[in-house]
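Heads up: the structure comes next, in structure tokens.
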Amino acid sequence: MPKKIQSLSGMHDIFNSRYDYFEKIREVSSRVAKEYGFKGIEFPIMEETELFARGVGGVTDIVEKEMYTFKTKGGDFVALRPEGTASVMRAYIEHNFYTRPQPTKLFYFGPFFRYERPQAGRFRQFWQFGLEAIGKSCFVVDVQIIKVISNIFEELGIKTKIEVNNMGDLKCRKEFKTVLRRYLKKRSNLLCSDCKRRLKENPLRVLDCKQCIEVKSEAPQIIDHICKQCRSDFKNFLEFLEELDIPYNLNPFLVRGLDYYTGTVYEFFLETEDEERMAVGGGGRYDGLSKILGDEERPATGVAIGIERIILAMEKSGGDIIEKKIPDVFIAQLGDLAKKKALNLFEEMRNSKVDVAESFGQDSLKSQMNRADKLGAKITIIIGKEEAVEDRVILRDMNSGEQEKIKTEEVLKEVKGRLKKNKNKD
RNA sequence: GCGGCCGUAGCUUAAUUGGCAAAGCACUCGGUUGUGGUCCGGGAUUAUGCGGGUUCAAGUCCCGUCGGUCGCCCCA
């Protein structure tokens, strides 16, 4: 026997009830996004490696360790997309979206790839839904984006907490980094070994270290060091959140690892009974990205949420928002002639918008009745050999067990009548 | 990339110090030559992830590997 082939590490099939959740999330999220004026966009699963490499700048781990990169037969260096924002920005620049009304509001839903060791809620292929608004800077858009996500979560029955912070713009954050570095240097003997390294490479990351809690609790906070403009934007942002009755918590330690992020940042955390802290999404401004990609400065803001983690949350909460589809009619048949007639009747029913089910692949009537019962069909239509010849069918009420024989041409009318009666009873 | 734990049928689990690999659910077929829900019976050379080793004997012990899970690094 040849070796069994299984799916790759961190990559999963989505089926059964998970697929129902998945489909529901996609439907709800794109519908709500459209209600707020976002337009859908699909972009390629592969891009030039450079697109993602430039965005992450000096963080070499990401490019070298955590991206799926390879050289094509034609000699191009390409990468499976690890996120959506860079691609959306690339599309914005490539297709001159600045000629549209600004900001250009776009949403996407698709798979992304990161070569990482899988762990809780983290996979190598994972799905994200994201919103981006590019071309005009206004804190209202940030608030609106948060509202869109909140509405989506609410409709999906998921409870989340929002944490917000402001990282300053490119200039005032640079100044804050110096202040923070100076503070940390003085206490470097108290830092964990990872943070000693972070101090050099990315001092902001010390702020969300799980070990160095004591050092960071006394550390200078970004909020106190951002410029006037950033401060007033952030104040307005918070006021508007309150205006829309969106509860939030300030988290001065909430940061982003990459340089192109600016200003407001926020994350959505699942509200779980245990004290687990699981982020299901996050977003913020990234005014610095377009320039890195070779365009003029384009103010931009966006959010992305992780579909797998939402599915997990829906499964935990019972997930009764997925309605089980119960067929109105099940068609059973015996013999080749009956099978042909059943096939036609199925089409006729379907065209008349009757929810109809079948199991034509099974031959015994017992099996077919069993299936009809399991599916919960209200009515079963049985076409046996005899009925097929005399052009009649048996109509069986699955609740009462009563059945009668009627002419084939009258079936549709009779079925519709019974279903209507049933509905009125409810 | 580094470390802990785990891996028995589609699912959930059982198997004393190493000693005949079991059961329920689901699926399928039949009892009823043409009728579901209850009942009874048949069916998994398609289950110990894979490959080695120790042993008379390995699901059980050892090594490797793959996968899962949890943590670290990183997190766009």
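Chain lettering (A, B, ...) mirrors the order of the structure tokens, residue numbering begins at 1 for each chain separately, and ligand numbering begins at 1 in order of display.
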
For the strand (DSSP E) assignment from backbone DSSP, which residues of region 255-349 of chain A qualify? Please present them as a ChimeraX atom specification. /A:262-270,279-285,300-306,329-333

List every residue of chain B that has an atom at most 8 Å from any atom of chain A, and for each one report the closest atom pair and its distance in Å to one decimal, counting only C-alpha atoms (C1' of nucleotides), with rows sorted by chain and then by increasing residue number, as JSON lines.
```
{"residue": "B:G1", "atom": "C1'", "partner": "A:Lys65", "partner_atom": "CA", "distance": 7.9}
{"residue": "B:G34", "atom": "C1'", "partner": "A:Leu365", "partner_atom": "CA", "distance": 6.8}
{"residue": "B:U35", "atom": "C1'", "partner": "A:Lys366", "partner_atom": "CA", "distance": 6.3}
{"residue": "B:G36", "atom": "C1'", "partner": "A:Asn370", "partner_atom": "CA", "distance": 4.6}
{"residue": "B:G37", "atom": "C1'", "partner": "A:Asp373", "partner_atom": "CA", "distance": 7.0}
{"residue": "B:G67", "atom": "C1'", "partner": "A:Ser9", "partner_atom": "CA", "distance": 7.0}
{"residue": "B:U69", "atom": "C1'", "partner": "A:Gln119", "partner_atom": "CA", "distance": 7.3}
{"residue": "B:C70", "atom": "C1'", "partner": "A:Gln119", "partner_atom": "CA", "distance": 7.2}
{"residue": "B:C74", "atom": "C1'", "partner": "A:Asp61", "partner_atom": "CA", "distance": 6.6}
{"residue": "B:C75", "atom": "C1'", "partner": "A:Gly257", "partner_atom": "CA", "distance": 7.7}
{"residue": "B:A76", "atom": "C1'", "partner": "A:Glu83", "partner_atom": "CA", "distance": 6.0}
```

The selected residues should be written to file as a CSV table (one decimal), in the first residue's frame (atoms: N, CA and C atoms (P, O5', C5', C4', C3', O3' and C1' of nucleotides)).
```
chain,number,residue,atom,x,y,z
B,1,G,P,11.8,24.3,11.4
B,1,G,O5',12.5,25.1,12.6
B,1,G,C5',13.9,25.3,12.5
B,1,G,C4',14.3,26.1,13.7
B,1,G,C3',14.0,25.5,15.0
B,1,G,O3',15.0,24.5,15.4
B,1,G,C1',13.3,27.7,15.0
B,34,G,P,-40.0,-5.4,-2.6
B,34,G,O5',-40.8,-4.7,-1.4
B,34,G,C5',-40.1,-3.8,-0.5
B,34,G,C4',-41.1,-2.8,-0.1
B,34,G,C3',-42.3,-3.3,0.6
B,34,G,O3',-42.7,-2.4,1.7
B,34,G,C1',-43.0,-2.0,-1.2
B,35,U,P,-42.3,-2.9,3.2
B,35,U,O5',-42.0,-1.5,3.9
B,35,U,C5',-40.9,-0.7,3.6
B,35,U,C4',-41.1,0.7,4.3
B,35,U,C3',-41.9,0.6,5.5
B,35,U,O3',-41.3,1.5,6.5
B,35,U,C1',-43.0,2.0,4.0
B,36,G,P,-40.6,0.9,7.7
B,36,G,O5',-39.9,2.2,8.3
B,36,G,C5',-38.7,2.6,7.8
B,36,G,C4',-38.3,3.9,8.4
B,36,G,C3',-38.5,4.0,9.9
B,36,G,O3',-37.4,3.5,10.5
B,36,G,C1',-39.5,5.9,8.8
B,37,G,P,-37.6,2.8,11.9
B,37,G,O5',-37.6,4.0,13.0
B,37,G,C5',-36.6,5.0,13.0
B,37,G,C4',-37.1,6.1,13.9
B,37,G,C3',-37.5,5.5,15.3
B,37,G,O3',-36.8,6.2,16.3
B,37,G,C1',-39.3,6.8,14.3
B,67,G,P,4.0,17.2,9.9
B,67,G,O5',2.7,16.8,10.7
B,67,G,C5',1.4,16.6,10.1
B,67,G,C4',0.4,16.1,11.0
B,67,G,C3',0.0,17.0,12.2
B,67,G,O3',-0.9,18.0,11.8
B,67,G,C1',0.4,14.9,13.0
B,69,U,P,-4.2,21.6,16.8
B,69,U,O5',-3.9,21.5,18.4
B,69,U,C5',-4.9,21.1,19.3
B,69,U,C4',-4.2,20.9,20.7
B,69,U,C3',-3.6,22.1,21.2
B,69,U,O3',-4.5,23.0,21.8
B,69,U,C1',-2.1,20.2,21.5
B,70,C,P,-4.3,24.5,21.7
B,70,C,O5',-3.1,24.8,22.8
B,70,C,C5',-3.4,24.6,24.2
B,70,C,C4',-2.2,24.6,25.0
B,70,C,C3',-1.2,25.8,24.8
B,70,C,O3',-1.7,26.9,25.5
B,70,C,C1',0.0,23.8,24.9
B,74,C,P,10.2,38.1,20.4
B,74,C,O5',9.4,38.0,19.0
B,74,C,C5',10.1,38.2,17.7
B,74,C,C4',9.3,37.8,16.6
B,74,C,C3',7.9,38.5,16.5
B,74,C,O3',8.1,39.8,15.8
B,74,C,C1',7.5,36.2,16.3
B,75,C,P,7.2,41.0,16.3
B,75,C,O5',5.7,40.5,15.8
B,75,C,C5',5.3,40.6,14.4
B,75,C,C4',4.0,39.9,14.2
B,75,C,C3',2.8,40.5,14.7
B,75,C,O3',2.3,41.5,13.9
B,75,C,C1',2.8,38.2,15.3
B,76,A,P,1.4,42.6,14.5
B,76,A,O5',1.3,43.7,13.4
B,76,A,C5',2.1,43.7,12.2
B,76,A,C4',1.3,43.3,11.0
B,76,A,C3',0.3,42.3,11.3
B,76,A,O3',-0.9,42.8,11.8
B,76,A,C1',1.5,41.6,9.4
```

From a DSSP pass on the backbone, collect the residues of region 103-330 of chain A flagged as helix (DSSP H, G or I) and hand them back as an mmCIF file with C-alpha atoms, in the first residue's frame.
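Below is the file part25.cif, written as the result:
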```cif
data_model
loop_
_atom_site.group_PDB
_atom_site.id
_atom_site.type_symbol
_atom_site.label_atom_id
_atom_site.label_comp_id
_atom_site.auth_asym_id
_atom_site.auth_seq_id
_atom_site.Cartn_x
_atom_site.Cartn_y
_atom_site.Cartn_z
ATOM 1 C CA PHE A 139 -11.201 59.222 13.068
ATOM 2 C CA VAL A 140 -14.885 58.719 12.151
ATOM 3 C CA VAL A 141 -13.821 56.009 9.750
ATOM 4 C CA ASP A 142 -12.010 54.163 12.552
ATOM 5 C CA VAL A 143 -15.088 54.364 14.694
ATOM 6 C CA GLN A 144 -17.256 53.201 11.823
ATOM 7 C CA ILE A 145 -14.996 50.234 11.160
ATOM 8 C CA ILE A 146 -15.216 49.200 14.800
ATOM 9 C CA LYS A 147 -18.978 49.535 14.580
ATOM 10 C CA VAL A 148 -19.078 47.279 11.526
ATOM 11 C CA ILE A 149 -17.084 44.587 13.332
ATOM 12 C CA SER A 150 -19.180 44.953 16.492
ATOM 13 C CA ASN A 151 -22.342 44.524 14.469
ATOM 14 C CA ILE A 152 -20.950 41.441 12.774
ATOM 15 C CA PHE A 153 -19.996 39.906 16.128
ATOM 16 C CA GLU A 154 -23.355 40.742 17.574
ATOM 17 C CA GLU A 155 -25.179 39.098 14.695
ATOM 18 C CA LEU A 156 -22.965 36.030 15.073
ATOM 19 C CA LEU A 170 5.557 58.368 12.590
ATOM 20 C CA LYS A 171 7.244 61.387 14.151
ATOM 21 C CA CYS A 172 5.997 61.430 17.727
ATOM 22 C CA ARG A 173 6.353 57.685 18.075
ATOM 23 C CA LYS A 174 9.998 57.970 17.123
ATOM 24 C CA GLU A 175 10.450 60.425 19.939
ATOM 25 C CA PHE A 176 8.590 58.187 22.353
ATOM 26 C CA LYS A 177 10.755 55.234 21.399
ATOM 27 C CA THR A 178 13.807 57.223 22.488
ATOM 28 C CA VAL A 179 12.181 58.078 25.805
ATOM 29 C CA LEU A 180 11.137 54.481 26.381
ATOM 30 C CA ARG A 181 14.522 53.118 25.426
ATOM 31 C CA ARG A 182 16.216 55.494 27.838
ATOM 32 C CA TYR A 183 13.907 54.342 30.657
ATOM 33 C CA LEU A 184 14.404 50.658 29.887
ATOM 34 C CA LYS A 185 18.156 50.938 29.585
ATOM 35 C CA LYS A 186 18.359 52.162 33.141
ATOM 36 C CA SER A 188 17.900 46.569 31.781
ATOM 37 C CA ASN A 189 19.121 44.337 34.606
ATOM 38 C CA LEU A 190 15.454 43.773 35.544
ATOM 39 C CA SER A 193 16.493 37.978 28.285
ATOM 40 C CA ASP A 194 13.999 38.372 25.426
ATOM 41 C CA CYS A 195 13.307 41.943 26.444
ATOM 42 C CA LYS A 196 16.992 42.755 26.545
ATOM 43 C CA ARG A 197 17.029 41.892 22.871
ATOM 44 C CA ARG A 198 13.751 43.716 22.241
ATOM 45 C CA LEU A 199 15.240 46.797 23.816
ATOM 46 C CA LYS A 200 17.585 47.042 20.865
ATOM 47 C CA GLU A 201 15.355 45.754 18.085
ATOM 48 C CA PRO A 203 11.486 48.500 22.389
ATOM 49 C CA LEU A 204 7.719 48.937 22.032
ATOM 50 C CA ARG A 205 7.390 45.166 22.200
ATOM 51 C CA VAL A 206 8.624 45.197 25.761
ATOM 52 C CA LEU A 207 5.267 46.751 26.577
ATOM 53 C CA ASP A 208 3.405 43.523 25.862
ATOM 54 C CA ILE A 213 5.191 43.342 34.149
ATOM 55 C CA GLU A 214 6.860 45.254 36.942
ATOM 56 C CA VAL A 215 9.251 47.163 34.734
ATOM 57 C CA LYS A 216 6.587 48.165 32.271
ATOM 58 C CA SER A 217 4.020 49.200 34.871
ATOM 59 C CA ILE A 222 2.748 56.517 24.723
ATOM 60 C CA ILE A 223 -0.410 58.485 25.378
ATOM 61 C CA ASP A 224 1.560 61.017 27.439
ATOM 62 C CA HIS A 225 4.108 61.523 24.693
ATOM 63 C CA LYS A 228 -1.137 67.566 19.865
ATOM 64 C CA GLN A 229 -2.728 66.385 16.643
ATOM 65 C CA CYS A 230 -2.568 62.697 17.624
ATOM 66 C CA ARG A 231 -3.963 63.518 21.032
ATOM 67 C CA SER A 232 -6.963 65.381 19.695
ATOM 68 C CA ASP A 233 -7.632 62.681 17.081
ATOM 69 C CA PHE A 234 -7.562 60.057 19.791
ATOM 70 C CA LYS A 235 -9.820 62.090 22.058
ATOM 71 C CA ASN A 236 -12.331 62.503 19.247
ATOM 72 C CA PHE A 237 -12.097 58.834 18.430
ATOM 73 C CA LEU A 238 -12.965 57.891 22.002
ATOM 74 C CA GLU A 239 -15.804 60.392 22.147
ATOM 75 C CA PHE A 240 -17.320 58.975 19.018
ATOM 76 C CA LEU A 241 -17.060 55.452 20.378
ATOM 77 C CA GLU A 242 -19.014 56.620 23.392
ATOM 78 C CA GLU A 243 -21.509 58.353 21.149
ATOM 79 C CA LEU A 289 2.446 52.040 4.350
ATOM 80 C CA SER A 290 1.775 53.673 0.969
ATOM 81 C CA LYS A 291 5.079 55.520 0.947
ATOM 82 C CA ILE A 292 6.972 52.335 1.692
ATOM 83 C CA ILE A 307 -12.361 33.357 11.066
ATOM 84 C CA GLU A 308 -11.097 30.193 12.801
ATOM 85 C CA ARG A 309 -11.193 31.893 16.182
ATOM 86 C CA ILE A 310 -14.718 33.112 15.529
ATOM 87 C CA ILE A 311 -15.793 29.601 14.593
ATOM 88 C CA LEU A 312 -14.236 28.383 17.849
ATOM 89 C CA ALA A 313 -16.164 30.988 19.811
ATOM 90 C CA MET A 314 -19.398 30.085 18.037
ATOM 91 C CA GLU A 315 -18.889 26.409 18.789
ATOM 92 C CA LYS A 316 -18.243 27.160 22.454
#
```

Near region 16-27 of chain B, counting only C-alpha atoms (C1' of nucleotides), which residues have an atom at most 8 Å away, once you skip same-chain residues fewer than 2 positions from it, shown as number ranges by chain? B: 10-12, 14, 48, 57-61

Neighbouring residues of Ala377 (chain A) were defined as those with any atom within 7 Å, considering only C-alpha atoms (C1' of nucleotides); residues of the same chain fewer than 2 positions away were excluded. Please report them as an MDAnalysis selection string. chainID A and resid 326:330 372:373 375 379:380

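Taking CA of Pro299 (chain A) and CA of Ala91 (chain A) as the two end points, the separation is 15.1 Å.
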
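Take CA of Arg277 (chain A) and CA of Lys159 (chain A): the distance between them is 12.8 Å.
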
Atomic distance CA of Leu343 (chain A) - CA of Leu412 (chain A), expressed in Å with one decimal: 14.0 Å

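Counting only C-alpha atoms (C1' of nucleotides), Ser29 (chain A) has the following residues at most 8 Å away, ignoring those fewer than 3 positions along the same chain: Ile25, Arg26, Val32, Ala33, Phe129, Ile149 and Ile152 of chain A.
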